[in-house]
$ cat model09.cif   # mmCIF, N, CA and C atoms and all ligand atoms
data_protein
#
loop_
_atom_site.label_atom_id
_atom_site.label_comp_id
_atom_site.auth_asym_id
_atom_site.auth_seq_id
_atom_site.Cartn_x
_atom_site.Cartn_y
_atom_site.Cartn_z
N THR Z 1 9.30 1.24 -18.75
CA THR Z 1 8.18 2.13 -19.09
C THR Z 1 7.60 2.78 -17.85
N LYS Z 2 7.12 4.02 -18.05
CA LYS Z 2 6.58 4.79 -16.94
C LYS Z 2 5.24 4.20 -16.51
N GLN Z 3 5.10 3.98 -15.21
CA GLN Z 3 3.86 3.40 -14.68
C GLN Z 3 3.40 4.17 -13.46
N GLN Z 4 2.12 3.94 -13.11
CA GLN Z 4 1.60 4.42 -11.83
C GLN Z 4 1.16 3.20 -11.02
N THR Z 5 1.29 3.30 -9.70
CA THR Z 5 0.86 2.23 -8.81
C THR Z 5 0.15 2.83 -7.60
N LEU Z 6 -0.74 2.05 -7.00
CA LEU Z 6 -1.47 2.52 -5.82
C LEU Z 6 -0.74 2.04 -4.58
N SER Z 7 -0.49 2.97 -3.68
CA SER Z 7 0.19 2.67 -2.42
C SER Z 7 -0.75 2.99 -1.26
N ILE Z 8 -0.73 2.13 -0.25
CA ILE Z 8 -1.41 2.46 1.02
C ILE Z 8 -0.39 2.35 2.14
N LEU Z 9 -0.23 3.43 2.90
CA LEU Z 9 0.53 3.36 4.15
C LEU Z 9 -0.51 2.99 5.20
N LYS Z 10 -0.33 1.78 5.77
CA LYS Z 10 -1.39 1.14 6.56
C LYS Z 10 -1.48 1.74 7.97
N PRO Z 11 -2.57 1.40 8.71
CA PRO Z 11 -2.79 2.04 10.02
C PRO Z 11 -1.62 1.92 10.99
N ASN Z 12 -0.89 0.81 10.97
CA ASN Z 12 0.23 0.71 11.92
C ASN Z 12 1.35 1.69 11.56
N ALA Z 13 1.59 1.91 10.27
CA ALA Z 13 2.62 2.86 9.85
C ALA Z 13 2.23 4.28 10.24
N VAL Z 14 0.93 4.61 10.05
CA VAL Z 14 0.46 5.95 10.43
C VAL Z 14 0.54 6.12 11.95
N ARG Z 15 0.11 5.10 12.71
CA ARG Z 15 0.16 5.18 14.18
C ARG Z 15 1.57 5.42 14.69
N LYS Z 16 2.54 4.80 14.04
CA LYS Z 16 3.94 4.91 14.49
C LYS Z 16 4.65 6.14 13.90
N SER Z 17 3.90 7.06 13.29
CA SER Z 17 4.47 8.30 12.73
C SER Z 17 5.57 8.03 11.72
N LEU Z 18 5.27 7.10 10.80
CA LEU Z 18 6.25 6.72 9.78
C LEU Z 18 5.93 7.28 8.39
N ILE Z 19 4.94 8.17 8.29
CA ILE Z 19 4.55 8.69 6.97
C ILE Z 19 5.75 9.38 6.31
N GLY Z 20 6.41 10.24 7.05
CA GLY Z 20 7.52 11.00 6.48
C GLY Z 20 8.69 10.10 6.09
N MET Z 21 9.03 9.17 6.98
CA MET Z 21 10.14 8.22 6.73
C MET Z 21 9.88 7.40 5.47
N ILE Z 22 8.66 6.90 5.33
CA ILE Z 22 8.34 6.07 4.16
C ILE Z 22 8.31 6.94 2.90
N ASN Z 23 7.73 8.13 3.00
CA ASN Z 23 7.71 9.02 1.82
C ASN Z 23 9.13 9.36 1.37
N LEU Z 24 10.05 9.56 2.32
CA LEU Z 24 11.45 9.82 1.97
C LEU Z 24 12.02 8.64 1.17
N ARG Z 25 11.76 7.43 1.63
CA ARG Z 25 12.26 6.25 0.91
C ARG Z 25 11.68 6.17 -0.50
N LEU Z 26 10.38 6.50 -0.63
CA LEU Z 26 9.74 6.45 -1.95
C LEU Z 26 10.40 7.45 -2.89
N GLU Z 27 10.56 8.69 -2.42
CA GLU Z 27 11.13 9.71 -3.29
C GLU Z 27 12.60 9.41 -3.62
N GLN Z 28 13.32 8.85 -2.65
CA GLN Z 28 14.71 8.47 -2.92
C GLN Z 28 14.79 7.34 -3.95
N ALA Z 29 13.75 6.51 -4.02
CA ALA Z 29 13.71 5.42 -5.00
C ALA Z 29 13.12 5.88 -6.33
N ARG Z 30 12.94 7.19 -6.49
CA ARG Z 30 12.34 7.78 -7.70
C ARG Z 30 10.93 7.26 -7.96
N LEU Z 31 10.24 6.98 -6.86
CA LEU Z 31 8.80 6.73 -6.94
C LEU Z 31 8.14 8.05 -6.55
N ASN Z 32 7.77 8.82 -7.54
CA ASN Z 32 7.22 10.15 -7.28
C ASN Z 32 5.79 10.04 -6.77
N ILE Z 33 5.49 10.79 -5.71
CA ILE Z 33 4.14 10.84 -5.17
C ILE Z 33 3.35 11.83 -6.00
N VAL Z 34 2.39 11.34 -6.80
CA VAL Z 34 1.64 12.22 -7.70
C VAL Z 34 0.18 12.40 -7.26
N ALA Z 35 -0.19 11.71 -6.16
CA ALA Z 35 -1.50 11.90 -5.53
C ALA Z 35 -1.39 11.35 -4.12
N MET Z 36 -2.10 11.98 -3.16
CA MET Z 36 -2.01 11.48 -1.78
C MET Z 36 -3.16 12.03 -0.95
N LYS Z 37 -3.77 11.15 -0.13
CA LYS Z 37 -4.75 11.63 0.86
C LYS Z 37 -4.80 10.68 2.05
N MET Z 38 -5.29 11.23 3.16
CA MET Z 38 -5.45 10.46 4.38
C MET Z 38 -6.93 10.14 4.52
N LEU Z 39 -7.22 8.87 4.86
CA LEU Z 39 -8.60 8.39 4.95
C LEU Z 39 -8.71 7.42 6.11
N HIS Z 40 -9.89 7.39 6.74
CA HIS Z 40 -10.17 6.28 7.66
C HIS Z 40 -11.17 5.39 6.93
N LEU Z 41 -10.71 4.25 6.44
CA LEU Z 41 -11.55 3.39 5.60
C LEU Z 41 -12.73 2.84 6.40
N THR Z 42 -13.88 2.78 5.74
CA THR Z 42 -15.01 2.04 6.31
C THR Z 42 -14.80 0.56 6.00
N ARG Z 43 -15.56 -0.28 6.70
CA ARG Z 43 -15.51 -1.71 6.43
C ARG Z 43 -15.86 -1.99 4.96
N GLU Z 44 -16.85 -1.28 4.45
CA GLU Z 44 -17.29 -1.48 3.06
C GLU Z 44 -16.17 -1.10 2.08
N GLN Z 45 -15.51 0.03 2.34
CA GLN Z 45 -14.39 0.46 1.47
C GLN Z 45 -13.26 -0.56 1.49
N ALA Z 46 -12.92 -1.05 2.68
CA ALA Z 46 -11.82 -2.01 2.79
C ALA Z 46 -12.19 -3.33 2.12
N ALA Z 47 -13.43 -3.78 2.32
CA ALA Z 47 -13.87 -5.05 1.72
C ALA Z 47 -13.89 -4.94 0.19
N GLY Z 48 -14.32 -3.81 -0.33
CA GLY Z 48 -14.33 -3.61 -1.78
C GLY Z 48 -12.93 -3.57 -2.35
N PHE Z 49 -12.04 -2.91 -1.63
CA PHE Z 49 -10.66 -2.82 -2.09
C PHE Z 49 -10.01 -4.20 -2.15
N TYR Z 50 -10.26 -5.02 -1.11
CA TYR Z 50 -9.64 -6.34 -0.99
C TYR Z 50 -10.58 -7.45 -1.44
N ALA Z 51 -11.52 -7.15 -2.35
CA ALA Z 51 -12.54 -8.13 -2.78
C ALA Z 51 -11.94 -9.47 -3.21
N GLU Z 52 -10.75 -9.42 -3.85
CA GLU Z 52 -10.15 -10.69 -4.32
C GLU Z 52 -9.75 -11.62 -3.17
N HIS Z 53 -9.65 -11.09 -1.96
CA HIS Z 53 -9.27 -11.92 -0.81
C HIS Z 53 -10.46 -12.38 0.01
N GLU Z 54 -11.69 -12.01 -0.40
CA GLU Z 54 -12.89 -12.41 0.33
C GLU Z 54 -12.92 -13.93 0.45
N GLY Z 55 -13.21 -14.41 1.67
CA GLY Z 55 -13.28 -15.86 1.89
C GLY Z 55 -11.97 -16.46 2.37
N LYS Z 56 -10.86 -15.73 2.22
CA LYS Z 56 -9.59 -16.27 2.71
C LYS Z 56 -9.54 -16.18 4.23
N PRO Z 57 -8.76 -17.07 4.88
CA PRO Z 57 -8.76 -17.11 6.34
C PRO Z 57 -8.34 -15.79 7.00
N PHE Z 58 -7.53 -15.00 6.32
CA PHE Z 58 -7.04 -13.76 6.94
C PHE Z 58 -7.93 -12.54 6.65
N PHE Z 59 -9.01 -12.75 5.88
CA PHE Z 59 -9.81 -11.61 5.39
C PHE Z 59 -10.41 -10.77 6.52
N GLU Z 60 -11.01 -11.44 7.51
CA GLU Z 60 -11.68 -10.74 8.60
C GLU Z 60 -10.68 -9.89 9.40
N ASN Z 61 -9.54 -10.48 9.74
CA ASN Z 61 -8.47 -9.74 10.44
C ASN Z 61 -7.96 -8.57 9.63
N LEU Z 62 -7.85 -8.80 8.33
CA LEU Z 62 -7.36 -7.75 7.43
C LEU Z 62 -8.32 -6.55 7.48
N LEU Z 63 -9.63 -6.82 7.41
CA LEU Z 63 -10.61 -5.72 7.47
C LEU Z 63 -10.55 -5.00 8.82
N LYS Z 64 -10.44 -5.80 9.88
CA LYS Z 64 -10.38 -5.21 11.22
C LYS Z 64 -9.17 -4.27 11.32
N PHE Z 65 -8.04 -4.76 10.85
CA PHE Z 65 -6.81 -3.96 10.90
C PHE Z 65 -6.89 -2.73 10.00
N MET Z 66 -7.35 -2.92 8.77
CA MET Z 66 -7.33 -1.81 7.80
C MET Z 66 -8.31 -0.70 8.17
N THR Z 67 -9.30 -1.01 9.05
CA THR Z 67 -10.24 0.01 9.51
C THR Z 67 -9.93 0.47 10.93
N SER Z 68 -8.77 0.08 11.46
CA SER Z 68 -8.44 0.37 12.86
C SER Z 68 -7.92 1.79 13.08
N GLY Z 69 -7.68 2.52 12.00
CA GLY Z 69 -7.17 3.88 12.10
C GLY Z 69 -6.95 4.42 10.71
N PRO Z 70 -6.56 5.70 10.61
CA PRO Z 70 -6.37 6.29 9.28
C PRO Z 70 -5.24 5.64 8.50
N VAL Z 71 -5.38 5.71 7.19
CA VAL Z 71 -4.33 5.26 6.27
C VAL Z 71 -3.97 6.45 5.37
N VAL Z 72 -2.86 6.31 4.67
CA VAL Z 72 -2.51 7.26 3.62
C VAL Z 72 -2.56 6.51 2.29
N VAL Z 73 -3.39 6.98 1.37
CA VAL Z 73 -3.43 6.38 0.04
C VAL Z 73 -2.70 7.31 -0.92
N GLN Z 74 -1.93 6.70 -1.82
CA GLN Z 74 -1.06 7.47 -2.71
C GLN Z 74 -1.05 6.85 -4.10
N VAL Z 75 -0.77 7.69 -5.08
CA VAL Z 75 -0.39 7.18 -6.40
C VAL Z 75 1.08 7.50 -6.58
N LEU Z 76 1.86 6.47 -6.88
CA LEU Z 76 3.29 6.61 -7.12
C LEU Z 76 3.54 6.44 -8.61
N GLU Z 77 4.44 7.26 -9.14
CA GLU Z 77 4.72 7.23 -10.57
C GLU Z 77 6.22 7.16 -10.81
N GLY Z 78 6.60 6.34 -11.78
CA GLY Z 78 8.01 6.25 -12.15
C GLY Z 78 8.24 5.09 -13.10
N GLU Z 79 9.50 4.93 -13.52
CA GLU Z 79 9.88 3.81 -14.37
C GLU Z 79 9.60 2.50 -13.63
N ASP Z 80 8.85 1.62 -14.24
CA ASP Z 80 8.53 0.31 -13.65
C ASP Z 80 8.06 0.44 -12.20
N ALA Z 81 7.20 1.43 -11.97
CA ALA Z 81 6.80 1.76 -10.59
C ALA Z 81 6.16 0.58 -9.86
N ILE Z 82 5.41 -0.25 -10.58
CA ILE Z 82 4.69 -1.35 -9.90
C ILE Z 82 5.68 -2.33 -9.29
N THR Z 83 6.60 -2.82 -10.11
CA THR Z 83 7.62 -3.77 -9.62
C THR Z 83 8.56 -3.11 -8.63
N ARG Z 84 8.97 -1.88 -8.96
CA ARG Z 84 9.95 -1.22 -8.11
C ARG Z 84 9.40 -0.96 -6.72
N TYR Z 85 8.13 -0.56 -6.62
CA TYR Z 85 7.57 -0.33 -5.30
C TYR Z 85 7.51 -1.64 -4.52
N ARG Z 86 7.20 -2.75 -5.21
CA ARG Z 86 7.16 -4.03 -4.51
C ARG Z 86 8.54 -4.42 -3.99
N GLU Z 87 9.58 -4.04 -4.73
CA GLU Z 87 10.95 -4.29 -4.25
C GLU Z 87 11.26 -3.42 -3.03
N VAL Z 88 10.86 -2.16 -3.09
CA VAL Z 88 11.12 -1.23 -1.98
C VAL Z 88 10.34 -1.65 -0.72
N MET Z 89 9.12 -2.20 -0.92
CA MET Z 89 8.32 -2.68 0.23
C MET Z 89 8.89 -3.95 0.82
N GLY Z 90 9.38 -4.86 -0.01
CA GLY Z 90 9.80 -6.19 0.45
C GLY Z 90 8.63 -7.16 0.47
N ALA Z 91 8.91 -8.41 0.82
CA ALA Z 91 7.90 -9.47 0.77
C ALA Z 91 6.71 -9.16 1.67
N THR Z 92 5.52 -9.65 1.26
CA THR Z 92 4.29 -9.47 2.05
C THR Z 92 4.50 -9.94 3.49
N ASP Z 93 5.13 -11.10 3.63
CA ASP Z 93 5.46 -11.63 4.96
C ASP Z 93 6.79 -11.02 5.41
N PRO Z 94 6.75 -10.14 6.42
CA PRO Z 94 7.97 -9.40 6.78
C PRO Z 94 9.12 -10.30 7.22
N SER Z 95 8.81 -11.53 7.68
CA SER Z 95 9.90 -12.44 8.06
C SER Z 95 10.67 -12.91 6.83
N LYS Z 96 10.10 -12.69 5.63
CA LYS Z 96 10.78 -13.05 4.38
C LYS Z 96 11.31 -11.83 3.64
N ALA Z 97 11.08 -10.64 4.19
CA ALA Z 97 11.50 -9.41 3.50
C ALA Z 97 13.00 -9.18 3.67
N LEU Z 98 13.62 -8.63 2.63
CA LEU Z 98 15.06 -8.34 2.68
C LEU Z 98 15.32 -7.14 3.60
N ALA Z 99 16.49 -7.15 4.24
CA ALA Z 99 16.91 -6.02 5.07
C ALA Z 99 16.89 -4.75 4.23
N GLY Z 100 16.45 -3.67 4.87
CA GLY Z 100 16.43 -2.38 4.17
C GLY Z 100 15.12 -2.08 3.48
N THR Z 101 14.22 -3.07 3.41
CA THR Z 101 12.91 -2.81 2.81
C THR Z 101 11.97 -2.21 3.86
N ILE Z 102 10.89 -1.59 3.38
CA ILE Z 102 9.91 -0.97 4.27
C ILE Z 102 9.33 -2.01 5.23
N ARG Z 103 8.99 -3.17 4.70
CA ARG Z 103 8.37 -4.18 5.57
C ARG Z 103 9.36 -4.79 6.55
N TYR Z 104 10.60 -4.98 6.12
CA TYR Z 104 11.62 -5.48 7.07
C TYR Z 104 11.74 -4.51 8.24
N ASP Z 105 11.76 -3.23 7.93
CA ASP Z 105 12.01 -2.23 8.97
C ASP Z 105 10.76 -1.86 9.78
N PHE Z 106 9.58 -1.88 9.16
CA PHE Z 106 8.41 -1.28 9.81
C PHE Z 106 7.21 -2.18 10.00
N ALA Z 107 7.17 -3.39 9.41
CA ALA Z 107 6.01 -4.27 9.57
C ALA Z 107 6.00 -4.87 10.97
N ASP Z 108 4.77 -5.16 11.45
CA ASP Z 108 4.62 -5.82 12.75
C ASP Z 108 4.21 -7.28 12.60
N SER Z 109 3.64 -7.65 11.45
CA SER Z 109 3.20 -9.03 11.19
C SER Z 109 2.78 -9.10 9.72
N VAL Z 110 2.38 -10.30 9.26
CA VAL Z 110 1.94 -10.42 7.86
C VAL Z 110 0.75 -9.50 7.61
N THR Z 111 -0.18 -9.46 8.55
CA THR Z 111 -1.34 -8.57 8.36
C THR Z 111 -0.93 -7.11 8.51
N GLU Z 112 -0.22 -6.81 9.59
CA GLU Z 112 0.18 -5.42 9.86
C GLU Z 112 1.53 -5.15 9.20
N ASN Z 113 1.51 -5.22 7.85
CA ASN Z 113 2.78 -5.18 7.11
C ASN Z 113 3.12 -3.80 6.54
N ALA Z 114 2.55 -2.77 7.14
CA ALA Z 114 2.97 -1.37 6.95
C ALA Z 114 2.57 -0.71 5.62
N ALA Z 115 2.62 -1.47 4.53
CA ALA Z 115 2.35 -0.84 3.24
C ALA Z 115 1.71 -1.83 2.28
N HIS Z 116 0.95 -1.29 1.35
CA HIS Z 116 0.38 -2.07 0.25
C HIS Z 116 0.81 -1.45 -1.07
N GLY Z 117 1.09 -2.28 -2.06
CA GLY Z 117 1.32 -1.80 -3.42
C GLY Z 117 0.64 -2.72 -4.42
N SER Z 118 0.13 -2.16 -5.50
CA SER Z 118 -0.55 -2.95 -6.54
C SER Z 118 0.39 -4.02 -7.08
N ASP Z 119 -0.19 -5.16 -7.50
CA ASP Z 119 0.67 -6.27 -7.95
C ASP Z 119 0.72 -6.45 -9.48
N SER Z 120 -0.04 -5.65 -10.23
CA SER Z 120 -0.02 -5.76 -11.70
C SER Z 120 -0.59 -4.47 -12.29
N PRO Z 121 -0.35 -4.24 -13.59
CA PRO Z 121 -0.93 -3.05 -14.22
C PRO Z 121 -2.46 -3.03 -14.12
N GLU Z 122 -3.08 -4.21 -14.21
CA GLU Z 122 -4.56 -4.27 -14.13
C GLU Z 122 -5.03 -3.88 -12.73
N SER Z 123 -4.37 -4.43 -11.70
CA SER Z 123 -4.81 -4.07 -10.34
C SER Z 123 -4.45 -2.63 -10.03
N ALA Z 124 -3.35 -2.11 -10.56
CA ALA Z 124 -3.01 -0.70 -10.34
C ALA Z 124 -4.10 0.20 -10.90
N ALA Z 125 -4.57 -0.08 -12.10
CA ALA Z 125 -5.62 0.75 -12.71
C ALA Z 125 -6.89 0.70 -11.86
N ARG Z 126 -7.27 -0.49 -11.42
CA ARG Z 126 -8.48 -0.63 -10.60
C ARG Z 126 -8.32 0.08 -9.25
N GLU Z 127 -7.16 -0.14 -8.62
CA GLU Z 127 -6.95 0.39 -7.26
C GLU Z 127 -6.80 1.92 -7.27
N ILE Z 128 -6.15 2.46 -8.29
CA ILE Z 128 -6.03 3.93 -8.39
C ILE Z 128 -7.42 4.54 -8.56
N ALA Z 129 -8.23 3.95 -9.44
CA ALA Z 129 -9.58 4.48 -9.69
C ALA Z 129 -10.48 4.30 -8.47
N TYR Z 130 -10.14 3.32 -7.61
CA TYR Z 130 -10.94 3.07 -6.40
C TYR Z 130 -10.85 4.26 -5.44
N PHE Z 131 -9.70 4.91 -5.40
CA PHE Z 131 -9.48 5.99 -4.43
C PHE Z 131 -9.36 7.39 -5.03
N PHE Z 132 -9.04 7.49 -6.31
CA PHE Z 132 -8.75 8.81 -6.89
C PHE Z 132 -9.52 9.04 -8.18
N THR Z 133 -9.97 10.30 -8.36
CA THR Z 133 -10.49 10.71 -9.66
C THR Z 133 -9.31 11.30 -10.45
N PRO Z 134 -9.39 11.31 -11.78
CA PRO Z 134 -8.26 11.79 -12.58
C PRO Z 134 -7.78 13.19 -12.18
N ASN Z 135 -8.70 14.07 -11.77
CA ASN Z 135 -8.27 15.44 -11.43
C ASN Z 135 -7.57 15.52 -10.07
N GLU Z 136 -7.48 14.41 -9.35
CA GLU Z 136 -6.73 14.38 -8.08
C GLU Z 136 -5.31 13.84 -8.27
N ILE Z 137 -4.95 13.53 -9.50
CA ILE Z 137 -3.64 12.94 -9.80
C ILE Z 137 -2.85 13.95 -10.63
N PHE Z 138 -1.57 14.16 -10.24
CA PHE Z 138 -0.75 15.20 -10.83
C PHE Z 138 0.54 14.61 -11.39
N PRO Z 139 0.44 13.97 -12.56
CA PRO Z 139 1.62 13.31 -13.15
C PRO Z 139 2.76 14.30 -13.36
N LYS Z 140 3.99 13.80 -13.23
CA LYS Z 140 5.18 14.66 -13.41
C LYS Z 140 5.38 15.01 -14.87
P1 LIG V 1 -1.43 -6.48 0.93
O1 LIG V 1 -0.30 -6.30 -0.02
O2 LIG V 1 -2.14 -5.25 1.37
O3 LIG V 1 -2.50 -7.50 0.28
C1 LIG V 1 -3.34 -8.33 1.07
C2 LIG V 1 -3.04 -8.24 2.53
O4 LIG V 1 -3.57 -9.27 3.34
C3 LIG V 1 -1.54 -8.35 2.73
O5 LIG V 1 -0.89 -7.21 2.25
C4 LIG V 1 -1.49 -8.54 4.24
O6 LIG V 1 -1.65 -7.33 4.93
C5 LIG V 1 -2.76 -9.38 4.51
N1 LIG V 1 -2.46 -10.77 4.80
C6 LIG V 1 -2.61 -11.35 6.00
N2 LIG V 1 -2.28 -12.63 5.97
C7 LIG V 1 -1.88 -12.90 4.72
C8 LIG V 1 -1.41 -14.08 4.08
N3 LIG V 1 -1.27 -15.23 4.71
N4 LIG V 1 -1.09 -13.96 2.77
C9 LIG V 1 -1.23 -12.79 2.09
N5 LIG V 1 -1.68 -11.65 2.67
C10 LIG V 1 -2.00 -11.71 3.97
#
$ encode --input "model09.cif" --output "structure tokens"
Amino acid sequence: TKQQTLSILKPNAVRKSLIGMINLRLEQARLNIVAMKMLHLTREQAAGFYAEHEGKPFFENLLKFMTSGPVVVQVLEGEDAITRYREVMGATDPSKALAGTIRYDFADSVTENAAHGSDSPESAAREIAYFFTPNEIFPK
């Protein structure tokens, strides 16, 4: 079934000029980019986005990293887009990611893991609405 998922190209990916390379991989995987913008997240925006991780040991570092430079936020659309994007990204921990995945190739650590993708239809709906209004999304 056709789905939409929220993608973030994280500050390390943007710093290393990997926006084009990652977008090429997404489009080649038939994950169509149907919304996209560049943002420098505030601490409040990052904390709200990652609210489910509040209190975890990595939370403070995550906020520091996610606000360390601009990110690219995107809505990706395609067949089983949520699962498929997670396959294309690879495991959260890049040392466990399969060769050829975005995180295997471009992550610097578990925190600086280059990309984020929603993990369920419920989180995709919440995360897309967190960054985009309906008129900013252009379904195929
Ligand atoms: P992301 O998919 O954006 O969701 C939460 C983020 O927290 C994760 O990617 C990592 O960037 C970061 N993180 C840091 N340490 C951990 C950890 N031990 N487990 C899960 N996520 C972590």
$ residues_near_ligand --input "model09.cif" --ligand "ligand LIG 1 (chain V)" --cutoff "7 Å" --atoms "only C-alpha atoms and all ligand atoms" --output "ChimeraX atom specification"
/Z:50,58-59,62,92,110-113,115-117
$ select_by_dssp --input "model09.cif" --residues "stretch 12-138 of chain Z" --states "strand (DSSP E or B)" --output "number ranges by chain"
Z: 32-39, 71-79, 115-117
$ write_last_selection --input "model09.cif" --atoms "N, CA and C atoms" --output "CSV table (one decimal), in the coordinates of the input"
chain,number,residue,atom,x,y,z
Z,32,ASN,N,7.8,8.8,-7.5
Z,32,ASN,CA,7.2,10.2,-7.3
Z,32,ASN,C,5.8,10.0,-6.8
Z,33,ILE,N,5.5,10.8,-5.7
Z,33,ILE,CA,4.1,10.8,-5.2
Z,33,ILE,C,3.4,11.8,-6.0
Z,34,VAL,N,2.4,11.3,-6.8
Z,34,VAL,CA,1.6,12.2,-7.7
Z,34,VAL,C,0.2,12.4,-7.3
Z,35,ALA,N,-0.2,11.7,-6.2
Z,35,ALA,CA,-1.5,11.9,-5.5
Z,35,ALA,C,-1.4,11.4,-4.1
Z,36,MET,N,-2.1,12.0,-3.2
Z,36,MET,CA,-2.0,11.5,-1.8
Z,36,MET,C,-3.2,12.0,-1.0
Z,37,LYS,N,-3.8,11.2,-0.1
Z,37,LYS,CA,-4.8,11.6,0.9
Z,37,LYS,C,-4.8,10.7,2.0
Z,38,MET,N,-5.3,11.2,3.2
Z,38,MET,CA,-5.4,10.5,4.4
Z,38,MET,C,-6.9,10.1,4.5
Z,39,LEU,N,-7.2,8.9,4.9
Z,39,LEU,CA,-8.6,8.4,5.0
Z,39,LEU,C,-8.7,7.4,6.1
Z,71,VAL,N,-5.4,5.7,7.2
Z,71,VAL,CA,-4.3,5.3,6.3
Z,71,VAL,C,-4.0,6.4,5.4
Z,72,VAL,N,-2.9,6.3,4.7
Z,72,VAL,CA,-2.5,7.3,3.6
Z,72,VAL,C,-2.6,6.5,2.3
Z,73,VAL,N,-3.4,7.0,1.4
Z,73,VAL,CA,-3.4,6.4,0.0
Z,73,VAL,C,-2.7,7.3,-0.9
Z,74,GLN,N,-1.9,6.7,-1.8
Z,74,GLN,CA,-1.1,7.5,-2.7
Z,74,GLN,C,-1.0,6.8,-4.1
Z,75,VAL,N,-0.8,7.7,-5.1
Z,75,VAL,CA,-0.4,7.2,-6.4
Z,75,VAL,C,1.1,7.5,-6.6
Z,76,LEU,N,1.9,6.5,-6.9
Z,76,LEU,CA,3.3,6.6,-7.1
Z,76,LEU,C,3.5,6.4,-8.6
Z,77,GLU,N,4.4,7.3,-9.1
Z,77,GLU,CA,4.7,7.2,-10.6
Z,77,GLU,C,6.2,7.2,-10.8
Z,78,GLY,N,6.6,6.3,-11.8
Z,78,GLY,CA,8.0,6.2,-12.2
Z,78,GLY,C,8.2,5.1,-13.1
Z,79,GLU,N,9.5,4.9,-13.5
Z,79,GLU,CA,9.9,3.8,-14.4
Z,79,GLU,C,9.6,2.5,-13.6
Z,115,ALA,N,2.6,-1.5,4.5
Z,115,ALA,CA,2.4,-0.8,3.2
Z,115,ALA,C,1.7,-1.8,2.3
Z,116,HIS,N,1.0,-1.3,1.4
Z,116,HIS,CA,0.4,-2.1,0.2
Z,116,HIS,C,0.8,-1.4,-1.1
Z,117,GLY,N,1.1,-2.3,-2.1
Z,117,GLY,CA,1.3,-1.8,-3.4
Z,117,GLY,C,0.6,-2.7,-4.4
$ residues_around --input "model09.cif" --residues "Z:Lys16" --least-positions-apart "3" --cutoff "10 Å" --atoms "only C-alpha atoms" --output "list in words"
Pro11, Asn12, Ala13, Ile19, Phe106 and Ala114 of chain Z
$ residues_around --input "model09.cif" --residues "Z:Thr1" --least-positions-apart "6" --cutoff "8 Å" --atoms "all atoms listed in the file" --output "ChimeraX atom specification"
/Z:78-81
$ closest_residue --input "model09.cif" --among "Z:Arg15, Z:Arg84, Z:Lys2, Z:Lys64" --to "Z:Gln45" --atoms "only C-alpha atoms"
Z:Lys64
$ select_by_dssp --input "model09.cif" --residues "chain Z" --states "helix (DSSP H, G or I)" --output "PyMOL selection string"
chain Z and resi 11-15+19-28+43-49+51-53+59-66+81-89+94-96+102-106+121-131+134-136
$ atom_distance --input "model09.cif" --atom1 "atom CA of Z:Thr5" --atom2 "atom CA of Z:Tyr85"
8.0 Å
$ atom_distance --input "model09.cif" --atom1 "atom C of Z:Gln74" --atom2 "atom C of Z:Met36"
6.4 Å
$ atom_distance --input "model09.cif" --atom1 "atom CA of Z:Glu136" --atom2 "atom N of Z:Ala35"
7.3 Å
